[in-house]
Amino acid sequence: MALGTVTAPHELRFDTGRICLDLLATTHPEERLGSVDVLSAWITGSGLVPAGTPLTHADGAWPAAFRELRGHLARLVHGRPAPGSAAYDLALARVNEIARAAPPAPRAVPGDDGALVRRLEAPPGCAALLAVIARDAVDLLTDPLARACLRQCEGDNCPIVYLDTSRGRRRRWCSSEVCGNRERVARHRRRAAALTRA
């Protein structure tokens, strides 16, 4: 199945700056990881695997496993560590446990034009792919500079958290094309309505 037939391009987004945050974004505005086909499109689109990597071995347990990790990541990214917080401690333990699995083994091979391209040694397992995301979360959450760049989108009802690496750290939206555009359109409509009332 072609990627374009799985879901509309605006439904899967990869603009948060980190793969673990891109996984968190799959809940907005509604659940995105409800099927193996869409999850496979997300895995490829996120760069977890090189384009063209077959994921035909993925089964119905994969979306549930990715959603479980996403729930733990949400507790860690949105929550603050509090002594004795059972939910936070459980999420942290589970992410650490998932990160222990070996990630997929990449290798460099000559492509059709002779340039080296990335391929995987073997079809990746679910645990290996989840490990890549969990390790990214561990790196993010243990890096004070990266944590300081975490921002909540200022768009109306947008829960997406992104890494603000813009100059001056002035980025306001998860995506200028999505939430930023909505805000600009809303601002224009408010000004136009104010002018007609005046």
# chains A, B, ... in the order shown; residues from 1 in each chain; ligands from 1
$ closest_atom_pairs --of "range 39-153 of chain A" --to "range 14-35 of chain A" --cutoff "7 Å" --atoms "only C-alpha atoms" --output "Markdown table"
| residue | atom | partner | partner_atom | distance |
| --- | --- | --- | --- | --- |
| A:Leu39 | CA | A:Leu33 | CA | 5.4 |
| A:Ser46 | CA | A:Phe14 | CA | 6.3 |
| A:Pro63 | CA | A:Leu33 | CA | 5.9 |
| A:Arg70 | CA | A:Leu24 | CA | 5.7 |
| A:Ala74 | CA | A:Leu24 | CA | 6.6 |
| A:Ile133 | CA | A:Cys20 | CA | 5.3 |
| A:Asp136 | CA | A:Cys20 | CA | 6.1 |
| A:Ala137 | CA | A:Cys20 | CA | 5.6 |
$ select_by_dssp --residues "range 5-194 of chain A" --states "helix (DSSP H, G or I)" --output "number ranges by chain"
A: 5-6, 19-27, 36-45, 61-78, 86-99, 126-142, 144-148, 167-169, 176-194
$ closest_residue --among "A:Ala115, A:Ala105, A:Leu163, A:Ala91" --to "Gly79 in chain A" --atoms "only C-alpha atoms"
A:Ala91
$ closest_residue --among "A:Arg167, A:Arg191, A:His72, A:Arg172" --to "Ile98 in chain A" --atoms "only C-alpha atoms"
A:His72
$ closest_residue --among "A:Asp59, A:Asp89, A:Glu177, A:Glu183" --to "Glu154 in chain A" --atoms "only C-alpha atoms"
A:Glu183
$ closest_atom_pairs --of "range 77-128 of chain A" --to "range 50-54 of chain A" --cutoff "10 Å" --atoms "only C-alpha atoms" --output "JSON lines"
{"residue": "A:Pro106", "atom": "CA", "partner": "A:Pro50", "partner_atom": "CA", "distance": 9.2}
{"residue": "A:Val117", "atom": "CA", "partner": "A:Pro50", "partner_atom": "CA", "distance": 8.7}
{"residue": "A:Arg118", "atom": "CA", "partner": "A:Pro50", "partner_atom": "CA", "distance": 6.5}
{"residue": "A:Arg119", "atom": "CA", "partner": "A:Pro50", "partner_atom": "CA", "distance": 6.2}
{"residue": "A:Leu120", "atom": "CA", "partner": "A:Pro50", "partner_atom": "CA", "distance": 7.6}
{"residue": "A:Ala122", "atom": "CA", "partner": "A:Thr53", "partner_atom": "CA", "distance": 9.3}
{"residue": "A:Pro123", "atom": "CA", "partner": "A:Pro54", "partner_atom": "CA", "distance": 6.8}
{"residue": "A:Pro124", "atom": "CA", "partner": "A:Thr53", "partner_atom": "CA", "distance": 8.8}
$ select_by_dssp --residues "range 18-168 of chain A" --states "strand (DSSP E or B)" --output "list in words"
Pro106, Arg107, Ala108, Val109, Pro110, Leu116, Val117, Arg118, Arg119, Leu120, Leu150, Arg151, Gln152, Val161, Tyr162 and Leu163 of chain A
$ residues_around --residues "Leu48 in chain A" --least-positions-apart "4" --cutoff "9 Å" --atoms "only C-alpha atoms" --output "JSON, numbers by chain"
{"A": [19, 42, 43, 44, 104, 129, 132, 133]}
$ write_last_selection --atoms "C-alpha atoms" --output "CSV table (one decimal), in the first residue's frame"
chain,number,residue,atom,x,y,z
A,19,ILE,CA,11.1,11.3,17.3
A,42,TRP,CA,4.4,6.7,10.7
A,43,ILE,CA,7.4,4.4,11.2
A,44,THR,CA,8.7,5.1,7.7
A,104,PRO,CA,17.7,-2.1,14.5
A,129,LEU,CA,11.8,0.2,17.0
A,132,VAL,CA,14.9,3.8,19.4
A,133,ILE,CA,12.1,6.0,20.5
$ closest_residue --among "A:Val178, A:Leu141, A:Ala193, A:Ala134" --to "Gly155 in chain A" --atoms "only C-alpha atoms"
A:Val178
$ atom_distance --atom1 "CA of Cys126 in chain A" --atom2 "CA of Leu150 in chain A"
27.3 Å
$ closest_residue --among "A:Ala101, A:Leu116, A:Ala58, A:Leu73" --to "Tyr88 in chain A" --atoms "only C-alpha atoms"
A:Leu73
$ atom_distance --atom1 "CA of Arg75 in chain A" --atom2 "CA of Leu130 in chain A"
16.7 Å
$ decode --residues "range 69-81 of chain A" --atoms "all heavy atoms" --output "PDB file, in the first residue's frame"
ATOM      1  N   LEU A  69       3.835   2.986  24.848  1.00  0.00           N
ATOM      2  CA  LEU A  69       5.032   3.817  25.031  1.00  0.00           C
ATOM      3  C   LEU A  69       4.657   5.293  24.983  1.00  0.00           C
ATOM      4  O   LEU A  69       5.133   6.086  25.801  1.00  0.00           O
ATOM      5  CB  LEU A  69       6.085   3.504  23.966  1.00  0.00           C
ATOM      6  CG  LEU A  69       7.334   4.389  23.987  1.00  0.00           C
ATOM      7  CD1 LEU A  69       8.041   4.333  25.333  1.00  0.00           C
ATOM      8  CD2 LEU A  69       8.267   4.011  22.848  1.00  0.00           C
ATOM      9  N   ARG A  70       3.781   5.662  24.072  1.00  0.00           N
ATOM     10  CA  ARG A  70       3.342   7.059  23.956  1.00  0.00           C
ATOM     11  C   ARG A  70       2.717   7.543  25.262  1.00  0.00           C
ATOM     12  O   ARG A  70       2.976   8.664  25.709  1.00  0.00           O
ATOM     13  CB  ARG A  70       2.352   7.190  22.800  1.00  0.00           C
ATOM     14  CG  ARG A  70       1.890   8.604  22.542  1.00  0.00           C
ATOM     15  CD  ARG A  70       0.861   8.652  21.442  1.00  0.00           C
ATOM     16  NE  ARG A  70      -0.342   7.936  21.822  1.00  0.00           N
ATOM     17  CZ  ARG A  70      -1.272   7.516  20.979  1.00  0.00           C
ATOM     18  NH1 ARG A  70      -1.148   7.720  19.686  1.00  0.00           N
ATOM     19  NH2 ARG A  70      -2.354   6.896  21.407  1.00  0.00           N
ATOM     20  N   GLY A  71       1.907   6.712  25.902  1.00  0.00           N
ATOM     21  CA  GLY A  71       1.297   7.089  27.179  1.00  0.00           C
ATOM     22  C   GLY A  71       2.331   7.342  28.255  1.00  0.00           C
ATOM     23  O   GLY A  71       2.224   8.298  29.030  1.00  0.00           O
ATOM     24  N   HIS A  72       3.354   6.504  28.306  1.00  0.00           N
ATOM     25  CA  HIS A  72       4.428   6.705  29.287  1.00  0.00           C
ATOM     26  C   HIS A  72       5.210   7.978  28.984  1.00  0.00           C
ATOM     27  O   HIS A  72       5.548   8.742  29.897  1.00  0.00           O
ATOM     28  CB  HIS A  72       5.360   5.494  29.316  1.00  0.00           C
ATOM     29  CG  HIS A  72       4.696   4.235  29.777  1.00  0.00           C
ATOM     30  ND1 HIS A  72       3.968   4.138  30.942  1.00  0.00           N
ATOM     31  CD2 HIS A  72       4.650   3.009  29.209  1.00  0.00           C
ATOM     32  CE1 HIS A  72       3.504   2.910  31.079  1.00  0.00           C
ATOM     33  NE2 HIS A  72       3.899   2.205  30.035  1.00  0.00           N
ATOM     34  N   LEU A  73       5.486   8.204  27.705  1.00  0.00           N
ATOM     35  CA  LEU A  73       6.210   9.422  27.326  1.00  0.00           C
ATOM     36  C   LEU A  73       5.422  10.671  27.699  1.00  0.00           C
ATOM     37  O   LEU A  73       5.995  11.664  28.157  1.00  0.00           O
ATOM     38  CB  LEU A  73       6.501   9.422  25.822  1.00  0.00           C
ATOM     39  CG  LEU A  73       7.471   8.359  25.315  1.00  0.00           C
ATOM     40  CD1 LEU A  73       7.564   8.416  23.797  1.00  0.00           C
ATOM     41  CD2 LEU A  73       8.831   8.516  25.950  1.00  0.00           C
ATOM     42  N   ALA A  74       4.108  10.622  27.511  1.00  0.00           N
ATOM     43  CA  ALA A  74       3.273  11.776  27.858  1.00  0.00           C
ATOM     44  C   ALA A  74       3.394  12.103  29.342  1.00  0.00           C
ATOM     45  O   ALA A  74       3.501  13.277  29.721  1.00  0.00           O
ATOM     46  CB  ALA A  74       1.818  11.508  27.486  1.00  0.00           C
ATOM     47  N   ARG A  75       3.400  11.074  30.186  1.00  0.00           N
ATOM     48  CA  ARG A  75       3.549  11.324  31.628  1.00  0.00           C
ATOM     49  C   ARG A  75       4.892  11.973  31.948  1.00  0.00           C
ATOM     50  O   ARG A  75       4.981  12.832  32.816  1.00  0.00           O
ATOM     51  CB  ARG A  75       3.402  10.018  32.404  1.00  0.00           C
ATOM     52  CG  ARG A  75       1.983   9.578  32.550  1.00  0.00           C
ATOM     53  CD  ARG A  75       1.851   8.344  33.437  1.00  0.00           C
ATOM     54  NE  ARG A  75       0.520   7.793  33.307  1.00  0.00           N
ATOM     55  CZ  ARG A  75       0.157   6.906  32.371  1.00  0.00           C
ATOM     56  NH1 ARG A  75       1.037   6.451  31.517  1.00  0.00           N
ATOM     57  NH2 ARG A  75      -1.092   6.467  32.326  1.00  0.00           N
ATOM     58  N   LEU A  76       5.926  11.546  31.249  1.00  0.00           N
ATOM     59  CA  LEU A  76       7.261  12.083  31.522  1.00  0.00           C
ATOM     60  C   LEU A  76       7.453  13.485  30.964  1.00  0.00           C
ATOM     61  O   LEU A  76       8.077  14.327  31.602  1.00  0.00           O
ATOM     62  CB  LEU A  76       8.327  11.145  30.954  1.00  0.00           C
ATOM     63  CG  LEU A  76       8.356   9.742  31.537  1.00  0.00           C
ATOM     64  CD1 LEU A  76       9.414   8.895  30.846  1.00  0.00           C
ATOM     65  CD2 LEU A  76       8.581   9.771  33.039  1.00  0.00           C
ATOM     66  N   VAL A  77       6.922  13.742  29.782  1.00  0.00           N
ATOM     67  CA  VAL A  77       7.110  15.051  29.147  1.00  0.00           C
ATOM     68  C   VAL A  77       6.201  16.100  29.771  1.00  0.00           C
ATOM     69  O   VAL A  77       6.623  17.224  30.031  1.00  0.00           O
ATOM     70  CB  VAL A  77       6.872  14.959  27.621  1.00  0.00           C
ATOM     71  CG1 VAL A  77       6.819  16.343  26.982  1.00  0.00           C
ATOM     72  CG2 VAL A  77       7.974  14.120  26.968  1.00  0.00           C
ATOM     73  N   HIS A  78       4.953  15.745  30.033  1.00  0.00           N
ATOM     74  CA  HIS A  78       3.992  16.709  30.577  1.00  0.00           C
ATOM     75  C   HIS A  78       4.038  16.795  32.093  1.00  0.00           C
ATOM     76  O   HIS A  78       3.670  17.806  32.667  1.00  0.00           O
ATOM     77  CB  HIS A  78       2.564  16.360  30.145  1.00  0.00           C
ATOM     78  CG  HIS A  78       2.346  16.478  28.670  1.00  0.00           C
ATOM     79  ND1 HIS A  78       2.389  17.671  27.995  1.00  0.00           N
ATOM     80  CD2 HIS A  78       2.095  15.538  27.727  1.00  0.00           C
ATOM     81  CE1 HIS A  78       2.172  17.473  26.712  1.00  0.00           C
ATOM     82  NE2 HIS A  78       1.998  16.182  26.514  1.00  0.00           N
ATOM     83  N   GLY A  79       4.466  15.723  32.743  1.00  0.00           N
ATOM     84  CA  GLY A  79       4.492  15.703  34.201  1.00  0.00           C
ATOM     85  C   GLY A  79       5.815  16.190  34.740  1.00  0.00           C
ATOM     86  O   GLY A  79       6.778  16.384  34.015  1.00  0.00           O
ATOM     87  N   ARG A  80       5.844  16.398  35.992  1.00  0.00           N
ATOM     88  CA  ARG A  80       7.072  16.786  36.674  1.00  0.00           C
ATOM     89  C   ARG A  80       7.358  15.718  37.721  1.00  0.00           C
ATOM     90  O   ARG A  80       6.448  15.244  38.394  1.00  0.00           O
ATOM     91  CB  ARG A  80       6.914  18.144  37.369  1.00  0.00           C
ATOM     92  CG  ARG A  80       6.703  19.290  36.408  1.00  0.00           C
ATOM     93  CD  ARG A  80       8.004  19.626  35.693  1.00  0.00           C
ATOM     94  NE  ARG A  80       7.807  20.675  34.711  1.00  0.00           N
ATOM     95  CZ  ARG A  80       7.815  20.481  33.402  1.00  0.00           C
ATOM     96  NH1 ARG A  80       7.978  19.281  32.915  1.00  0.00           N
ATOM     97  NH2 ARG A  80       7.664  21.482  32.577  1.00  0.00           N
ATOM     98  N   PRO A  81       8.638  15.339  37.854  1.00  0.00           N
ATOM     99  CA  PRO A  81       8.939  14.320  38.854  1.00  0.00           C
ATOM    100  C   PRO A  81       8.578  14.809  40.251  1.00  0.00           C
ATOM    101  O   PRO A  81       8.954  15.903  40.645  1.00  0.00           O
ATOM    102  CB  PRO A  81      10.441  14.103  38.715  1.00  0.00           C
ATOM    103  CG  PRO A  81      10.960  15.252  37.930  1.00  0.00           C
ATOM    104  CD  PRO A  81       9.810  15.837  37.173  1.00  0.00           C
TER     105      PRO A  81
END
